[in-house]
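Peer 1: My structure is stored as run_20.cif, with mmCIF, C-alpha atoms.
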data_start
#
loop_
_atom_site.label_atom_id
_atom_site.label_comp_id
_atom_site.auth_asym_id
_atom_site.auth_seq_id
_atom_site.Cartn_x
_atom_site.Cartn_y
_atom_site.Cartn_z
CA MET H 1 185.88 -35.59 219.37
CA LYS H 2 187.62 -33.68 218.60
CA LYS H 3 188.01 -32.33 216.13
CA MET H 4 189.02 -29.63 213.80
CA THR H 5 187.22 -30.53 210.60
CA LYS H 6 183.71 -31.72 209.86
CA ILE H 7 183.54 -35.04 208.04
CA VAL H 8 183.24 -34.72 204.27
CA ALA H 9 183.37 -38.40 203.47
CA LEU H 10 183.28 -41.06 206.16
CA ILE H 11 185.26 -44.25 206.36
CA GLY H 12 182.93 -47.22 206.68
CA ALA H 13 182.77 -48.60 210.17
CA ALA H 14 184.82 -51.72 209.64
CA VAL H 15 185.50 -51.98 213.34
CA MET H 16 182.73 -50.14 215.17
CA CYS H 17 179.53 -48.42 214.12
CA ALA H 18 177.34 -48.21 217.21
CA SER H 19 176.06 -45.04 218.82
CA VAL H 20 176.49 -44.69 222.55
CA ILE H 21 173.55 -44.20 224.90
CA ALA H 22 175.07 -44.33 228.35
CA GLY H 23 178.28 -43.27 230.08
CA CYS H 24 181.12 -44.57 232.13
CA GLY H 25 180.79 -45.20 235.82
CA ASN H 26 178.01 -47.78 235.65
CA LYS H 27 180.27 -50.79 236.06
CA THR H 28 181.86 -51.83 239.31
CA GLU H 29 184.24 -54.38 237.86
CA ALA H 30 186.38 -54.18 234.76
CA PRO H 31 186.04 -57.08 232.32
CA ALA H 32 188.94 -59.43 231.94
CA ALA H 33 190.19 -57.41 229.00
CA GLN H 34 190.79 -54.40 231.24
CA GLU H 35 193.05 -55.99 233.83
CA PRO H 36 195.84 -54.62 234.62
CA GLN H 37 197.62 -52.41 232.12
CA GLU H 38 201.11 -53.87 232.47
CA ASN H 39 202.57 -51.96 229.54
CA GLN H 40 201.21 -48.52 230.48
CA THR H 41 204.48 -46.65 230.05
CA ALA H 42 207.86 -47.28 228.56
CA GLU H 43 209.49 -46.47 231.86
CA ASN H 44 207.85 -49.16 233.95
CA GLY H 45 210.22 -51.87 232.82
CA GLU H 46 207.55 -54.49 232.19
CA THR H 47 208.32 -57.18 229.64
CA THR H 48 206.05 -57.33 226.60
CA GLU H 49 204.82 -60.50 224.98
CA ALA H 50 206.28 -61.71 221.70
CA SER H 51 204.22 -60.47 218.77
CA LYS H 52 202.64 -62.70 216.13
CA TYR H 53 202.42 -59.70 213.81
CA ASP H 54 204.95 -58.69 211.17
CA LEU H 55 206.68 -55.55 212.42
CA SER H 56 209.15 -55.32 209.56
CA GLY H 57 209.09 -51.95 207.88
CA ILE H 58 207.39 -50.05 210.69
CA LYS H 59 209.02 -46.86 211.93
CA LEU H 60 209.05 -46.02 215.62
CA ILE H 61 210.65 -43.11 217.42
CA SER H 62 212.03 -45.49 220.07
CA ASP H 63 212.75 -49.16 219.46
CA GLY H 64 210.30 -51.43 221.25
CA VAL H 65 208.00 -48.57 222.29
CA LEU H 66 204.79 -47.26 220.76
CA SER H 67 204.64 -43.58 221.74
CA VAL H 68 201.13 -42.15 221.72
CA GLY H 69 199.91 -38.56 221.79
CA GLU H 70 196.74 -38.07 223.82
CA GLU H 71 194.96 -35.05 225.25
CA VAL H 72 194.37 -36.41 228.73
CA GLY H 73 191.30 -34.66 230.07
CA TYR H 74 188.55 -35.79 227.68
CA PRO H 75 186.64 -38.41 229.67
CA PRO H 76 185.74 -41.16 229.17
CA PHE H 77 188.30 -41.41 226.35
CA GLU H 78 191.25 -40.00 228.27
CA ASP H 79 191.44 -38.94 231.90
CA PHE H 80 193.67 -39.24 234.93
CA ALA H 81 193.16 -41.85 237.63
CA GLU H 82 192.66 -40.76 241.22
CA ASP H 83 196.42 -40.44 241.63
CA GLY H 84 196.31 -37.56 239.15
CA VAL H 85 199.14 -39.10 237.13
CA THR H 86 198.07 -42.38 235.53
CA PRO H 87 196.17 -42.04 232.23
CA ILE H 88 192.95 -44.06 232.05
CA GLY H 89 190.06 -44.26 229.63
CA TYR H 90 188.69 -45.96 226.55
CA ASP H 91 191.44 -44.73 224.23
CA VAL H 92 194.12 -45.63 226.77
CA ASP H 93 192.85 -49.19 226.99
CA ILE H 94 192.54 -49.54 223.22
CA ILE H 95 196.02 -48.29 222.37
CA THR H 96 197.63 -50.12 225.30
CA GLU H 97 196.19 -53.40 224.03
CA VAL H 98 197.32 -52.62 220.48
CA ALA H 99 200.88 -52.08 221.74
CA LYS H 100 200.76 -55.21 223.91
CA ARG H 101 199.71 -57.40 221.00
CA LEU H 102 202.48 -55.93 218.89
CA GLY H 103 205.00 -56.84 221.58
CA LEU H 104 205.67 -53.17 222.30
CA GLU H 105 205.56 -51.08 225.41
CA VAL H 106 203.30 -48.04 225.31
CA ASN H 107 204.25 -44.51 226.27
CA ILE H 108 201.36 -42.04 226.64
CA VAL H 109 202.44 -38.46 225.94
CA ASN H 110 199.93 -35.96 227.36
CA THR H 111 199.56 -33.25 224.73
CA ALA H 112 197.32 -30.21 224.26
CA TRP H 113 194.75 -30.79 221.54
CA ASP H 114 195.71 -27.66 219.63
CA GLY H 115 198.60 -28.83 217.47
CA ILE H 116 198.49 -32.47 218.57
CA PHE H 117 198.80 -33.81 215.02
CA ALA H 118 202.01 -31.84 214.42
CA GLY H 119 203.71 -34.10 216.97
CA ILE H 120 203.26 -37.27 214.90
CA ASP H 121 206.68 -38.69 213.92
CA ASN H 122 208.33 -36.03 216.08
CA ASN H 123 207.13 -36.43 219.67
CA TYR H 124 205.18 -39.67 219.26
CA ASP H 125 204.36 -42.31 216.67
CA VAL H 126 200.57 -42.04 216.63
CA VAL H 127 197.68 -40.06 218.10
CA CYS H 128 194.88 -42.02 219.77
CA SER H 129 192.69 -39.33 221.29
CA ALA H 130 189.10 -39.48 220.00
CA CYS H 131 190.32 -38.31 216.59
CA THR H 132 187.61 -37.83 214.02
CA ILE H 133 188.57 -39.20 210.61
CA THR H 134 188.08 -36.47 208.00
CA GLU H 135 189.01 -36.08 204.36
CA GLU H 136 191.04 -32.96 205.14
CA ARG H 137 193.09 -34.69 207.80
CA LYS H 138 193.69 -37.66 205.52
CA GLU H 139 195.59 -35.34 203.21
CA SER H 140 198.39 -35.00 205.77
CA MET H 141 198.18 -38.22 207.82
CA LEU H 142 197.00 -41.81 207.76
CA PHE H 143 194.19 -43.20 209.88
CA SER H 144 193.56 -46.69 211.14
CA GLU H 145 190.22 -48.32 210.51
CA PRO H 146 187.57 -46.81 212.84
CA TYR H 147 187.20 -48.22 216.35
CA ILE H 148 184.14 -46.27 217.53
CA ALA H 149 181.33 -44.12 216.11
CA ASN H 150 180.25 -40.73 217.39
CA TYR H 151 177.61 -38.05 216.86
CA GLN H 152 177.20 -34.41 217.87
CA ALA H 153 175.01 -33.68 220.89
CA VAL H 154 173.53 -30.80 222.87
CA ILE H 155 173.61 -30.86 226.68
CA LEU H 156 171.60 -28.52 228.91
CA LYS H 157 171.71 -27.95 232.63
CA ALA H 158 169.13 -29.87 234.64
CA GLY H 159 165.96 -27.84 235.01
CA ASN H 160 166.23 -26.25 231.57
CA ASP H 161 163.14 -27.47 229.73
CA LYS H 162 163.93 -25.82 226.40
CA LYS H 163 163.09 -28.17 223.56
CA ILE H 164 166.01 -28.78 221.21
CA GLU H 165 165.00 -30.64 218.05
CA SER H 166 167.89 -29.46 215.88
CA PHE H 167 170.91 -27.20 216.13
CA ASN H 168 168.70 -24.41 214.79
CA ASP H 169 167.02 -24.34 218.20
CA LEU H 170 170.25 -23.01 219.71
CA ASP H 171 169.38 -19.64 218.17
CA GLY H 172 169.85 -16.84 220.71
CA MET H 173 171.74 -19.05 223.17
CA THR H 174 175.28 -18.99 224.53
CA VAL H 175 176.99 -22.28 223.68
CA ALA H 176 180.25 -23.75 224.99
CA VAL H 177 182.42 -25.97 222.79
CA GLN H 178 185.95 -27.30 222.96
CA LYS H 179 188.20 -25.26 220.69
CA GLU H 180 189.29 -26.77 217.37
CA THR H 181 186.85 -29.69 217.55
CA THR H 182 184.14 -30.82 215.17
CA SER H 183 181.66 -29.36 217.66
CA ASP H 184 183.40 -26.00 217.37
CA GLU H 185 183.38 -26.14 213.58
CA LEU H 186 179.76 -27.25 213.43
CA ILE H 187 178.40 -24.39 215.53
CA SER H 188 180.77 -21.89 213.92
CA ASP H 189 179.38 -22.91 210.52
CA TYR H 190 175.84 -22.34 211.72
CA LYS H 191 176.82 -18.90 212.99
CA SER H 192 178.97 -17.79 210.05
CA THR H 193 176.27 -18.68 207.54
CA GLY H 194 173.67 -16.74 209.52
CA THR H 195 171.61 -19.86 210.12
CA ILE H 196 171.45 -19.04 213.83
CA ASP H 197 172.51 -16.15 216.03
CA VAL H 198 174.57 -17.84 218.72
CA GLU H 199 177.34 -16.76 221.07
CA ILE H 200 180.14 -19.32 221.02
CA VAL H 201 182.45 -19.80 224.00
CA ALA H 202 185.41 -21.90 222.84
CA ASN H 203 187.47 -23.51 225.62
CA GLU H 204 190.75 -25.39 225.56
CA LYS H 205 189.24 -28.21 227.66
CA ILE H 206 185.83 -29.86 227.57
CA LEU H 207 185.92 -29.84 231.37
CA SER H 208 185.71 -26.04 231.26
CA CYS H 209 182.59 -26.23 229.08
CA PHE H 210 180.73 -28.27 231.66
CA THR H 211 181.98 -26.07 234.49
CA GLN H 212 180.54 -23.05 232.67
CA LEU H 213 177.26 -24.89 232.22
CA ASP H 214 177.20 -25.75 235.92
CA ASN H 215 177.81 -22.10 236.82
CA GLY H 216 175.17 -20.76 234.46
CA GLU H 217 177.74 -18.96 232.30
CA VAL H 218 176.50 -20.72 229.16
CA ASP H 219 173.12 -22.12 228.14
CA ALA H 220 174.32 -25.31 226.47
CA VAL H 221 177.31 -27.45 225.61
CA VAL H 222 177.72 -28.96 222.14
CA VAL H 223 179.96 -31.99 222.38
CA ASP H 224 180.61 -35.51 221.11
CA SER H 225 177.74 -37.81 222.01
CA THR H 226 180.17 -40.33 223.47
CA VAL H 227 181.51 -37.71 225.89
CA ALA H 228 178.00 -36.53 226.67
CA ASP H 229 177.06 -40.09 227.58
CA GLY H 230 179.87 -40.22 230.12
CA TYR H 231 178.91 -36.96 231.79
CA LEU H 232 175.23 -37.91 231.93
CA ALA H 233 175.98 -41.31 233.43
CA LYS H 234 178.21 -39.85 236.14
CA ASN H 235 175.93 -36.86 236.84
CA PRO H 236 172.39 -37.94 235.90
CA ASP H 237 170.77 -35.23 238.01
CA ALA H 238 172.98 -32.40 236.76
CA TYR H 239 172.38 -32.41 233.00
CA VAL H 240 169.76 -32.95 230.32
CA TYR H 241 170.60 -34.78 227.11
CA ALA H 242 168.65 -32.40 224.88
CA TYR H 243 169.55 -33.55 221.37
CA LYS H 244 171.72 -35.92 219.37
CA ASP H 245 172.15 -35.59 215.61
CA ASP H 246 172.18 -39.22 214.58
CA SER H 247 171.80 -38.36 210.89
CA GLU H 248 175.55 -38.10 210.35
CA ALA H 249 178.02 -40.30 212.16
CA GLU H 250 181.64 -39.45 212.77
CA TYR H 251 184.23 -42.18 213.17
CA PHE H 252 187.32 -42.13 215.36
CA GLY H 253 190.60 -43.65 214.24
CA ILE H 254 194.26 -43.77 215.27
CA ALA H 255 196.24 -41.08 213.42
CA ILE H 256 199.58 -42.20 211.92
CA GLY H 257 202.33 -40.50 209.94
CA LYS H 258 201.61 -40.21 206.23
CA GLU H 259 204.60 -42.34 205.21
CA ASN H 260 204.26 -44.98 207.93
CA THR H 261 202.09 -47.32 205.88
CA ALA H 262 203.54 -50.44 207.51
CA LEU H 263 202.49 -49.22 210.97
CA LYS H 264 198.97 -48.47 209.74
CA ALA H 265 198.69 -51.93 208.20
CA VAL H 266 199.70 -53.76 211.36
CA ILE H 267 197.52 -51.56 213.60
CA ASP H 268 194.54 -52.30 211.34
CA GLU H 269 195.31 -56.00 211.65
CA VAL H 270 195.43 -55.80 215.44
CA LEU H 271 192.20 -53.77 215.66
CA ALA H 272 190.41 -56.36 213.51
CA ASP H 273 191.58 -59.11 215.86
CA MET H 274 190.53 -57.07 218.90
CA GLU H 275 187.07 -56.71 217.42
CA ALA H 276 186.85 -60.39 216.52
CA ASP H 277 187.85 -61.66 219.97
CA GLY H 278 185.58 -59.24 221.85
CA PHE H 279 188.19 -56.94 223.38
CA ILE H 280 186.76 -53.80 221.79
CA ALA H 281 183.20 -54.74 222.75
CA ASP H 282 184.22 -55.47 226.35
CA THR H 283 186.15 -52.22 226.60
CA TYR H 284 183.23 -50.29 225.10
CA SER H 285 180.84 -51.85 227.59
CA TYR H 286 183.13 -51.03 230.51
CA TRP H 287 183.67 -47.36 229.72
CA PHE H 288 180.23 -46.53 228.33
CA GLY H 289 178.13 -48.87 230.45
CA VAL H 290 176.36 -50.51 227.52
CA THR H 291 177.01 -53.00 224.76
CA GLU H 292 177.02 -52.04 221.12
CA GLU H 293 173.81 -52.04 219.17
#
Please lay out the structure from this file as structure tokens.

Peer 2:
Amino acid sequence: MKKMTKIVALIGAAVMCASVIAGCGNKTEAPAAQEPQENQTAENGETTEASKYDLSGIKLISDGVLSVGEEVGYPPFEDFAEDGVTPIGYDVDIITEVAKRLGLEVNIVNTAWDGIFAGIDNNYDVVCSACTITEERKESMLFSEPYIANYQAVILKAGNDKKIESFNDLDGMTVAVQKETTSDELISDYKSTGTIDVEIVANEKILSCFTQLDNGEVDAVVVDSTVADGYLAKNPDAYVYAYKDDSEAEYFGIAIGKENTALKAVIDEVLADMEADGFIADTYSYWFGVTEE
């Protein structure tokens, strides 16, 4: 996603390296791995399982609780259930399972994307919110091993038959992006270097970008391919998947405080186990409607 800085050097996809070609909403039943999220919040009073992992040396804001910053409103990674309160999504399921296996309860802290990393070690222990791993970010925080791959994509409104074969073809168009994301930086770079003449509309929420596209206020949305997949799957007649730049992958990881090396180590261990036993693959299939390639 998200997010502020374009990748300079990518972490190898030790956990997940597949591109996504379809979105959430295609499954009618959750796989066994998705049922039910007993440790959704610290306040629910559920008892966690004993952990087989070594938790010595890890630092948590609250004992027995993994507090997680997420920008809820970036489907299918983070969204609200129909009750408008309960967080759901791919990231929610991943981090909830991580906490469960560590014998911790999970507390999701809904946080605006702008400034979300500043809350690590202050308002929450980690950020799991479609965070792109970048060299610049690694200077001030740690990242877990990647758990999903992503690319940048261009979405048009249905009926727009403009051919988009590269980002250069956005020349002369009005493009919506989410503010402070890799999509924002990418298109801003194209504009600032004079590569294309484009009007950029930067929104706080990706939902606003698609609303503007629906209303004809912008010509295109540049967004993470994984998010684009979700919108296309839920609204196949509303949008056109015009382009995906699969030449350069981005990888998402869990952001952790720079000094909390013990927490990073144990999260990496859990993610490796979740990959090995199929939890990540099942969760991926559920939220994106396909299996990994």

Peer 1: Rounded to one decimal in Å, what is the spacing between atom CA of H:Pro76 and atom CA of H:Ala149?

Peer 2: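 Going from atom CA of H:Pro76 over to atom CA of H:Ala149, I get 14.1 Å.
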
Peer 1: On this structure, the PyMOL selection byres ((chain H and resi 158) around 7) would catch which residues? List them as a short mmCIF file (atom, residue, chain, number, x, y, z; two decimals) with C-alpha atoms, in the coordinates of the input, sorted by chain and number.

Peer 2:
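This is the output file expr_31.cif:
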data_model
loop_
_atom_site.label_atom_id
_atom_site.label_comp_id
_atom_site.auth_asym_id
_atom_site.auth_seq_id
_atom_site.Cartn_x
_atom_site.Cartn_y
_atom_site.Cartn_z
CA LEU H 156 171.60 -28.52 228.91
CA LYS H 157 171.71 -27.95 232.63
CA GLY H 159 165.96 -27.84 235.01
CA ASN H 160 166.23 -26.25 231.57
CA ASP H 237 170.77 -35.23 238.01
CA ALA H 238 172.98 -32.40 236.76
CA TYR H 239 172.38 -32.41 233.00
CA VAL H 240 169.76 -32.95 230.32
#

Peer 1: Using all atoms listed in the file, find the one residue out of H:Glu145, H:Glu204, H:Glu275, H:Asp63 that sits nearest to H:Thr181.

Peer 2: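 Of H:Glu145, H:Glu204, H:Glu275, H:Asp63, the one nearest H:Thr181 is H:Glu204, counting all atoms listed in the file.
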
Peer 1: Hey, which of H:Asn215, H:Asn168, H:Thr96, H:Asn203 ends up closest to H:Glu180? Count only C-alpha atoms.

Peer 2: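 When distances to H:Glu180 are compared using only C-alpha atoms, the smallest one comes from H:Asn203.
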
Peer 1: Might you pull out every residue within 12 Å of H:Gln212, with only C-alpha atoms counted and same-chain residues fewer than 4 positions away left off, and present them as a list in words?

Peer 2: Leu156, Lys157, Thr174, Val175, Ala176, Val177, Gln178, Val201, Ala202, Asn203, Lys205, Ile206, Leu207, Ser208, Gly216, Glu217, Val218, Asp219, Ala220 and Val221 of chain H

Peer 1: I need the output of the PyMOL selection byres ((chain H and resi 55) around 8) for this file as a PyMOL selection string; which residues are they?

Peer 2: chain H and resi 53-54+56-58+102+262-263+266

Peer 1: Figure out the distance between atom CA of H:Ser140 and atom CA of H:Trp113, please, to one decimal in Å.

Peer 2: 16.7 Å

Peer 1: Once the PyMOL selection byres ((chain H and resi 69) around 8) has been applied to the shown file, what residues remain in the selection, as a PyMOL selection string?

Peer 2: chain H and resi 67-68+70-71+108-111+116+119-120+123-129

Peer 1: Rounded to one decimal in Å, what is the spacing between atom CA of H:Val227 and atom CA of H:Leu271?

Peer 2: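 Atom CA of H:Val227 sits 21.8 Å away from atom CA of H:Leu271.
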
Peer 1: Which protein, DNA or RNA residues are at most 10 Å from (168.9, -19.8, 214.0) in the file's coordinates when you count all atoms listed in the file, listed as a list in words?

Peer 2: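 The requested residues, written out, are Ser166, Phe167, Asn168, Asp169, Leu170, Asp171, Gly172, Met173, Tyr190, Lys191, Thr193, Gly194, Thr195, Ile196, Asp197 and Val198 of chain H.
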
Peer 1: Can you write out the residues you just picked, keeping C-alpha atoms, as a compact mmCIF listing (two decimals), keeping the file's coordinate frame?

Peer 2:
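Result saved to again-v8.txt:
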# COMPACT_ATOMS: atom_id res chain seq x y z
CA SER H 166 167.89 -29.46 215.88
CA PHE H 167 170.91 -27.20 216.13
CA ASN H 168 168.70 -24.41 214.79
CA ASP H 169 167.02 -24.34 218.20
CA LEU H 170 170.25 -23.01 219.71
CA ASP H 171 169.38 -19.64 218.17
CA GLY H 172 169.85 -16.84 220.71
CA MET H 173 171.74 -19.05 223.17
CA TYR H 190 175.84 -22.34 211.72
CA LYS H 191 176.82 -18.90 212.99
CA THR H 193 176.27 -18.68 207.54
CA GLY H 194 173.67 -16.74 209.52
CA THR H 195 171.61 -19.86 210.12
CA ILE H 196 171.45 -19.04 213.83
CA ASP H 197 172.51 -16.15 216.03
CA VAL H 198 174.57 -17.84 218.72

Peer 1: Quick one: residues within 9 Å of stretch 86-93 of chain H, only C-alpha atoms counted, chain neighbours fewer than 3 positions away excluded, as a ChimeraX atom specification?

Peer 2: /H:33-34,37,40,70,72,74-83,96-98,108,110,128-130,283-284,286-288

Peer 1: Rank H:Leu213, H:Met274, H:Ala153, H:Ala265 by their smallest atom-to-atom distance to H:Ser247, using all atoms listed in the file, and report the top residue only.

Peer 2: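 Of all the options, H:Ala153 lies closest to H:Ser247.
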
Peer 1: Considering only C-alpha atoms, state which residue in the set H:Tyr151, H:Ser192, H:Lys258, H:Lys163 is at the smallest distance from H:Asp224.

Peer 2: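 That would be H:Tyr151, the residue with the smallest distance to H:Asp224.
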
Peer 1: Would you compute the box with edges along x, y and z of the file around stretch 197-208 of chain H, including every atom the file lists for it and 6 Å extra on each side, and give its centre and edge lengths in Å to one decimal, as lines of an AutoDock Vina configuration file?

Peer 2:
center_x = 181.6
center_y = -23.0
center_z = 223.7
size_x = 30.2
size_y = 25.7
size_z = 27.3

Peer 1: I'd like to know which of H:Glu165, H:Glu199, H:Asp282, H:Glu135 is closest to H:Glu250, using all atoms listed in the file.

Peer 2: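 For H:Glu250, the nearest of the given residues is H:Glu135.
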